[in-house]
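Student: Would you mind keeping the following structure in view while I ask a few things?
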Amino acid sequence: MFGCLRRLGCAAVVLAILLAVAWFTRDRWYGRFRGGSDTAATPSTRSGVEWEPLTPEGAQRARAVVSSLGQRSGPTFANTGAGDLASYVFTGVARQLPPSARDLRAAVIGDRLYVKSLIDLKEVGGQKVLGPLAGFLSESDTVTLGGNFEILRPGLAQFRVREIRVRELAIPQRLIPRLLAQMRRGARPEGVTDDALPLVVPSYIGDVRIGQGRITLYKTVQP
């Protein structure tokens, strides 16, 4: 009898692990039952996507584009590349990212900016946040964030994170605030949502739009 119970206990543990794996990888296999492709929803493996490295030179180019909008006779809008703007933006929020973040790259996919980096997973909560998923990942793995920019008020914007992937596994939406809370190393300013990273921007930037492979910055329209 006790041997049977032990076997049932082991079976229950195995079943729980399999169910956990199925839940965290559902976006990969569910599409196959619908006749779709699992790579269609995987940003880092999507064909034709150019991942640009984040560099000081890119930050300088984006800074020049942003500065041009602040000139009285400057343009009302300007375009910049994903790598350049991400270099400029994430220079400002680098103190909020885990210290281990390295090999940062960015790409525009659809209407979102994606940034990926190698990160030591213990710095984003590890098993406490990722649960059973943590057991199937390396100590250091690729974390991809995808989202949009929102101007909250003059001088303050946020990068609203719509999607997080660890390696190619999608993190459930409900866990995004918890994961960002582990990543964030500074106070969250008033008005910034719990699924976003705050950004300090020039007060003359009125809007940021993403699409067709580029990012467009708009100057605030003066009354």
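Each chain of the structure tokens is named A, B, ... in the order shown, its residues numbered from 1; ligands are numbered from 1 in display order.
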Give me the residues within 12 Å of A:Asn79 as a PDB file with N, CA, C and O atoms, in the first residue's frame, counting only C-alpha atoms and dropping any in the same chain fewer than 6 places off.

Tutor:
ATOM      1  N   ARG A  61      23.865  59.678 -31.754  1.00  0.00           N
ATOM      2  CA  ARG A  61      23.063  59.992 -32.949  1.00  0.00           C
ATOM      3  C   ARG A  61      21.621  60.303 -32.550  1.00  0.00           C
ATOM      4  O   ARG A  61      21.009  61.258 -33.053  1.00  0.00           O
ATOM      5  N   ALA A  62      21.051  59.501 -31.647  1.00  0.00           N
ATOM      6  CA  ALA A  62      19.679  59.742 -31.203  1.00  0.00           C
ATOM      7  C   ALA A  62      19.585  61.052 -30.434  1.00  0.00           C
ATOM      8  O   ALA A  62      18.599  61.791 -30.563  1.00  0.00           O
ATOM      9  N   ARG A  63      20.604  61.369 -29.651  1.00  0.00           N
ATOM     10  CA  ARG A  63      20.614  62.627 -28.887  1.00  0.00           C
ATOM     11  C   ARG A  63      20.575  63.824 -29.843  1.00  0.00           C
ATOM     12  O   ARG A  63      19.887  64.822 -29.567  1.00  0.00           O
ATOM     13  N   ALA A  64      21.276  63.699 -30.965  1.00  0.00           N
ATOM     14  CA  ALA A  64      21.269  64.787 -31.952  1.00  0.00           C
ATOM     15  C   ALA A  64      19.883  64.948 -32.574  1.00  0.00           C
ATOM     16  O   ALA A  64      19.412  66.065 -32.801  1.00  0.00           O
ATOM     17  N   VAL A  65      19.203  63.814 -32.838  1.00  0.00           N
ATOM     18  CA  VAL A  65      17.852  63.865 -33.402  1.00  0.00           C
ATOM     19  C   VAL A  65      16.892  64.518 -32.407  1.00  0.00           C
ATOM     20  O   VAL A  65      16.086  65.384 -32.758  1.00  0.00           O
ATOM     21  N   VAL A  66      16.997  64.125 -31.142  1.00  0.00           N
ATOM     22  CA  VAL A  66      16.129  64.690 -30.111  1.00  0.00           C
ATOM     23  C   VAL A  66      16.387  66.182 -29.956  1.00  0.00           C
ATOM     24  O   VAL A  66      15.454  66.987 -29.853  1.00  0.00           O
ATOM     25  N   SER A  68      17.416  68.255 -32.152  1.00  0.00           N
ATOM     26  CA  SER A  68      16.924  69.022 -33.302  1.00  0.00           C
ATOM     27  C   SER A  68      15.471  69.430 -33.120  1.00  0.00           C
ATOM     28  O   SER A  68      15.043  70.489 -33.597  1.00  0.00           O
ATOM     29  N   LEU A  69      14.697  68.620 -32.405  1.00  0.00           N
ATOM     30  CA  LEU A  69      13.291  68.946 -32.170  1.00  0.00           C
ATOM     31  C   LEU A  69      13.145  70.105 -31.190  1.00  0.00           C
ATOM     32  O   LEU A  69      12.102  70.776 -31.168  1.00  0.00           O
ATOM     33  N   LEU A  85      17.821  54.861 -30.693  1.00  0.00           N
ATOM     34  CA  LEU A  85      16.938  55.382 -29.647  1.00  0.00           C
ATOM     35  C   LEU A  85      17.055  54.550 -28.373  1.00  0.00           C
ATOM     36  O   LEU A  85      17.074  55.099 -27.263  1.00  0.00           O
ATOM     37  N   VAL A 208       5.748  59.670 -29.039  1.00  0.00           N
ATOM     38  CA  VAL A 208       6.690  58.726 -29.640  1.00  0.00           C
ATOM     39  C   VAL A 208       5.866  57.603 -30.255  1.00  0.00           C
ATOM     40  O   VAL A 208       5.090  56.942 -29.562  1.00  0.00           O
ATOM     41  N   ARG A 209       6.035  57.394 -31.541  1.00  0.00           N
ATOM     42  CA  ARG A 209       5.275  56.361 -32.245  1.00  0.00           C
ATOM     43  C   ARG A 209       6.216  55.377 -32.911  1.00  0.00           C
ATOM     44  O   ARG A 209       7.268  55.746 -33.426  1.00  0.00           O
ATOM     45  N   ILE A 210       5.801  54.111 -32.909  1.00  0.00           N
ATOM     46  CA  ILE A 210       6.622  53.031 -33.446  1.00  0.00           C
ATOM     47  C   ILE A 210       5.856  52.325 -34.549  1.00  0.00           C
ATOM     48  O   ILE A 210       4.675  52.006 -34.397  1.00  0.00           O
ATOM     49  N   GLY A 211       6.532  52.074 -35.671  1.00  0.00           N
ATOM     50  CA  GLY A 211       5.880  51.352 -36.764  1.00  0.00           C
ATOM     51  C   GLY A 211       6.702  51.394 -38.024  1.00  0.00           C
ATOM     52  O   GLY A 211       7.561  52.275 -38.207  1.00  0.00           O
ATOM     53  N   GLN A 212       6.481  50.415 -38.899  1.00  0.00           N
ATOM     54  CA  GLN A 212       7.155  50.321 -40.197  1.00  0.00           C
ATOM     55  C   GLN A 212       8.675  50.351 -40.048  1.00  0.00           C
ATOM     56  O   GLN A 212       9.389  50.949 -40.838  1.00  0.00           O
ATOM     57  N   GLY A 213       9.163  49.698 -38.999  1.00  0.00           N
ATOM     58  CA  GLY A 213      10.600  49.565 -38.832  1.00  0.00           C
ATOM     59  C   GLY A 213      11.312  50.781 -38.290  1.00  0.00           C
ATOM     60  O   GLY A 213      12.548  50.805 -38.254  1.00  0.00           O
ATOM     61  N   ARG A 214      10.578  51.808 -37.864  1.00  0.00           N
ATOM     62  CA  ARG A 214      11.253  53.000 -37.350  1.00  0.00           C
ATOM     63  C   ARG A 214      10.478  53.587 -36.176  1.00  0.00           C
ATOM     64  O   ARG A 214       9.337  53.216 -35.901  1.00  0.00           O
ATOM     65  N   ILE A 215      11.140  54.508 -35.500  1.00  0.00           N
ATOM     66  CA  ILE A 215      10.554  55.206 -34.358  1.00  0.00           C
ATOM     67  C   ILE A 215      10.505  56.694 -34.702  1.00  0.00           C
ATOM     68  O   ILE A 215      11.507  57.268 -35.125  1.00  0.00           O
ATOM     69  N   THR A 216       9.341  57.304 -34.517  1.00  0.00           N
ATOM     70  CA  THR A 216       9.159  58.715 -34.836  1.00  0.00           C
ATOM     71  C   THR A 216       8.898  59.507 -33.568  1.00  0.00           C
ATOM     72  O   THR A 216       7.989  59.168 -32.788  1.00  0.00           O
ATOM     73  N   LEU A 217       9.671  60.560 -33.389  1.00  0.00           N
ATOM     74  CA  LEU A 217       9.518  61.459 -32.253  1.00  0.00           C
ATOM     75  C   LEU A 217       8.815  62.720 -32.710  1.00  0.00           C
ATOM     76  O   LEU A 217       9.144  63.274 -33.780  1.00  0.00           O
ATOM     77  N   TYR A 218       7.860  63.202 -31.935  1.00  0.00           N
ATOM     78  CA  TYR A 218       7.099  64.407 -32.283  1.00  0.00           C
ATOM     79  C   TYR A 218       7.313  65.496 -31.254  1.00  0.00           C
ATOM     80  O   TYR A 218       7.341  65.228 -30.047  1.00  0.00           O
ATOM     81  N   LYS A 219       7.452  66.715 -31.757  1.00  0.00           N
ATOM     82  CA  LYS A 219       7.591  67.866 -30.879  1.00  0.00           C
ATOM     83  C   LYS A 219       6.224  68.265 -30.312  1.00  0.00           C
ATOM     84  O   LYS A 219       5.194  68.106 -30.989  1.00  0.00           O
TER      85      LYS A 219
END

Student: Go through A:Thr142, A:Thr80, A:Gln182, A:Ser73 and flag the residue nearest A:Val166, using only C-alpha atoms for the distances.

Tutor: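 Ranking A:Thr142, A:Thr80, A:Gln182, A:Ser73 by distance to A:Val166, first place goes to A:Thr142.
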
Student: Name the closest residue to A:Leu145 among the candidates A:Asp120, A:Glu52, A:Glu168, A:Glu163; distances are taken between atoms, counting only C-alpha atoms.

Tutor: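 Looking only at the distances to A:Leu145, the closest residue turns out to be A:Glu163.
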
Student: With only C-alpha atoms as the counted atoms, please give the residues lying no more than 6 Å from A:Arg165, apart from itself and same-chain residues fewer than 6 positions off, as an mmCIF file with all heavy atoms, in the first residue's frame.

Tutor:
data_model
loop_
_atom_site.group_PDB
_atom_site.id
_atom_site.type_symbol
_atom_site.label_atom_id
_atom_site.label_comp_id
_atom_site.auth_asym_id
_atom_site.auth_seq_id
_atom_site.Cartn_x
_atom_site.Cartn_y
_atom_site.Cartn_z
ATOM 1 N N VAL A 143 16.825 37.786 -21.742
ATOM 2 C CA VAL A 143 15.529 38.354 -21.377
ATOM 3 C C VAL A 143 15.169 39.408 -22.420
ATOM 4 O O VAL A 143 15.971 40.295 -22.721
ATOM 5 C CB VAL A 143 15.568 38.987 -19.970
ATOM 6 C CG1 VAL A 143 14.238 39.655 -19.646
ATOM 7 C CG2 VAL A 143 15.901 37.931 -18.922
ATOM 8 N N THR A 144 13.986 39.293 -22.995
ATOM 9 C CA THR A 144 13.516 40.216 -24.025
ATOM 10 C C THR A 144 12.300 40.973 -23.528
ATOM 11 O O THR A 144 11.341 40.363 -23.051
ATOM 12 C CB THR A 144 13.159 39.461 -25.323
ATOM 13 O OG1 THR A 144 14.297 38.704 -25.764
ATOM 14 C CG2 THR A 144 12.757 40.435 -26.425
ATOM 15 N N ILE A 171 6.508 35.123 -20.561
ATOM 16 C CA ILE A 171 6.114 35.259 -19.161
ATOM 17 C C ILE A 171 4.650 35.695 -19.124
ATOM 18 O O ILE A 171 4.251 36.615 -19.843
ATOM 19 C CB ILE A 171 6.988 36.321 -18.455
ATOM 20 C CG1 ILE A 171 8.460 35.906 -18.504
ATOM 21 C CG2 ILE A 171 6.534 36.541 -17.025
ATOM 22 C CD1 ILE A 171 8.766 34.590 -17.834
#

Student: Give me the residues near A:Val89 as a list in words, where near means some atom within 10 Å (using only C-alpha atoms) and where sequence neighbours in that chain fewer than 3 positions away do not count.

Tutor: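 The residues satisfying every condition are Leu54, Ala59, Ala62, Arg63, Gly83, Asp84, Leu85, Ala86, Gly92, Val93, Ala94, Phe159, Leu199, Val200 and Val201 of chain A.
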
Student: Just the selected residues (C-alpha atoms), exported as an mmCIF file, in the first residue's frame, please.

Tutor:
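The resulting selection27.cif:
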data_model
loop_
_atom_site.group_PDB
_atom_site.id
_atom_site.type_symbol
_atom_site.label_atom_id
_atom_site.label_comp_id
_atom_site.auth_asym_id
_atom_site.auth_seq_id
_atom_site.Cartn_x
_atom_site.Cartn_y
_atom_site.Cartn_z
ATOM 1 C CA LEU A 54 23.136 49.504 -28.114
ATOM 2 C CA ALA A 59 23.059 57.173 -28.226
ATOM 3 C CA ALA A 62 19.679 59.742 -31.203
ATOM 4 C CA ARG A 63 20.614 62.627 -28.887
ATOM 5 C CA GLY A 83 19.280 50.699 -31.767
ATOM 6 C CA ASP A 84 20.020 54.420 -31.656
ATOM 7 C CA LEU A 85 16.938 55.382 -29.647
ATOM 8 C CA ALA A 86 17.280 52.390 -27.337
ATOM 9 C CA GLY A 92 18.979 56.982 -18.795
ATOM 10 C CA VAL A 93 17.404 53.887 -17.245
ATOM 11 C CA ALA A 94 20.544 51.761 -16.989
ATOM 12 C CA PHE A 159 8.272 52.397 -21.494
ATOM 13 C CA LEU A 199 12.033 57.670 -18.538
ATOM 14 C CA VAL A 200 13.133 61.281 -18.199
ATOM 15 C CA VAL A 201 12.670 63.032 -21.564
#

Student: For a quick check of understanding, using only C-alpha atoms, which of A:Ser117, A:Gln173, A:Ser140, A:Thr193 has the smallest distance to A:Ala157?

Tutor: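 Under the stated criterion, the closest residue is A:Thr193.
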
Student: Near A:Arg160, within 8 Å and counting only C-alpha atoms, which residues show up once chain neighbours fewer than 2 positions away are dropped, as a VMD selection string?

Tutor: chain A and resid 147 to 150 158 162 193 195 to 197

Student: Output the selection as a PDB file, in the first residue's frame - N, CA and C atoms for each residue.

Tutor:
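The resulting file, again_7.pdb, is shown below:
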ATOM      1  N   GLY A 147       7.606  46.628 -25.888  1.00  0.00           N
ATOM      2  CA  GLY A 147       6.583  47.562 -25.434  1.00  0.00           C
ATOM      3  C   GLY A 147       6.548  48.849 -26.227  1.00  0.00           C
ATOM      4  N   ASN A 148       5.865  49.838 -25.664  1.00  0.00           N
ATOM      5  CA  ASN A 148       5.652  51.126 -26.322  1.00  0.00           C
ATOM      6  C   ASN A 148       6.010  52.254 -25.369  1.00  0.00           C
ATOM      7  N   PHE A 149       6.227  53.423 -25.957  1.00  0.00           N
ATOM      8  CA  PHE A 149       6.484  54.615 -25.161  1.00  0.00           C
ATOM      9  C   PHE A 149       5.189  55.400 -24.958  1.00  0.00           C
ATOM     10  N   GLU A 150       5.046  55.952 -23.765  1.00  0.00           N
ATOM     11  CA  GLU A 150       3.901  56.805 -23.462  1.00  0.00           C
ATOM     12  C   GLU A 150       4.412  58.052 -22.750  1.00  0.00           C
ATOM     13  N   GLN A 158       7.119  56.849 -20.021  1.00  0.00           N
ATOM     14  CA  GLN A 158       7.336  55.490 -19.534  1.00  0.00           C
ATOM     15  C   GLN A 158       7.424  54.540 -20.712  1.00  0.00           C
ATOM     16  N   ARG A 162       4.785  45.374 -22.654  1.00  0.00           N
ATOM     17  CA  ARG A 162       3.646  44.536 -23.044  1.00  0.00           C
ATOM     18  C   ARG A 162       3.986  43.058 -23.081  1.00  0.00           C
ATOM     19  N   THR A 193       3.007  53.368 -14.347  1.00  0.00           N
ATOM     20  CA  THR A 193       2.302  52.126 -14.042  1.00  0.00           C
ATOM     21  C   THR A 193       3.282  51.053 -13.575  1.00  0.00           C
ATOM     22  N   ASP A 195       3.721  48.187 -14.675  1.00  0.00           N
ATOM     23  CA  ASP A 195       4.258  47.366 -15.767  1.00  0.00           C
ATOM     24  C   ASP A 195       5.100  48.207 -16.721  1.00  0.00           C
ATOM     25  N   ALA A 196       5.755  49.251 -16.185  1.00  0.00           N
ATOM     26  CA  ALA A 196       6.526  50.160 -17.033  1.00  0.00           C
ATOM     27  C   ALA A 196       7.813  50.593 -16.352  1.00  0.00           C
ATOM     28  N   LEU A 197       8.762  51.062 -17.174  1.00  0.00           N
ATOM     29  CA  LEU A 197       9.993  51.664 -16.684  1.00  0.00           C
ATOM     30  C   LEU A 197       9.914  53.172 -16.933  1.00  0.00           C
TER      31      LEU A 197
END

Student: Running DSSP on the backbone, which parts of stretch 62-103 of chain A land in helix (DSSP H, G or I), as a list of chain:residue names?

Tutor: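 So, restricting stretch 62-103 of chain A to helix (DSSP H, G or I), we get A:Ala62, A:Arg63, A:Ala64, A:Val65, A:Val66, A:Ser67, A:Ser68, A:Leu69, A:Ala82, A:Gly83, A:Asp84, A:Leu85, A:Ala86, A:Ser87, A:Tyr88, A:Val89, A:Phe90, A:Thr91, A:Gly92, A:Ala94, A:Arg95, A:Gln96.
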
Student: Tell me, which residues of stretch 134-183 of chain A carry DSSP strand (DSSP E), written as a list in words?

Tutor: Ser140, Asp141, Thr142, Val143, Thr144, Leu145, Gly146, Gly147, Asn148, Phe149, Glu150, Ile151, Leu152, Arg153, Leu156, Ala157, Gln158, Phe159, Arg160, Val161, Arg162, Glu163, Ile164, Arg165, Val166, Leu169 and Ala170 of chain A
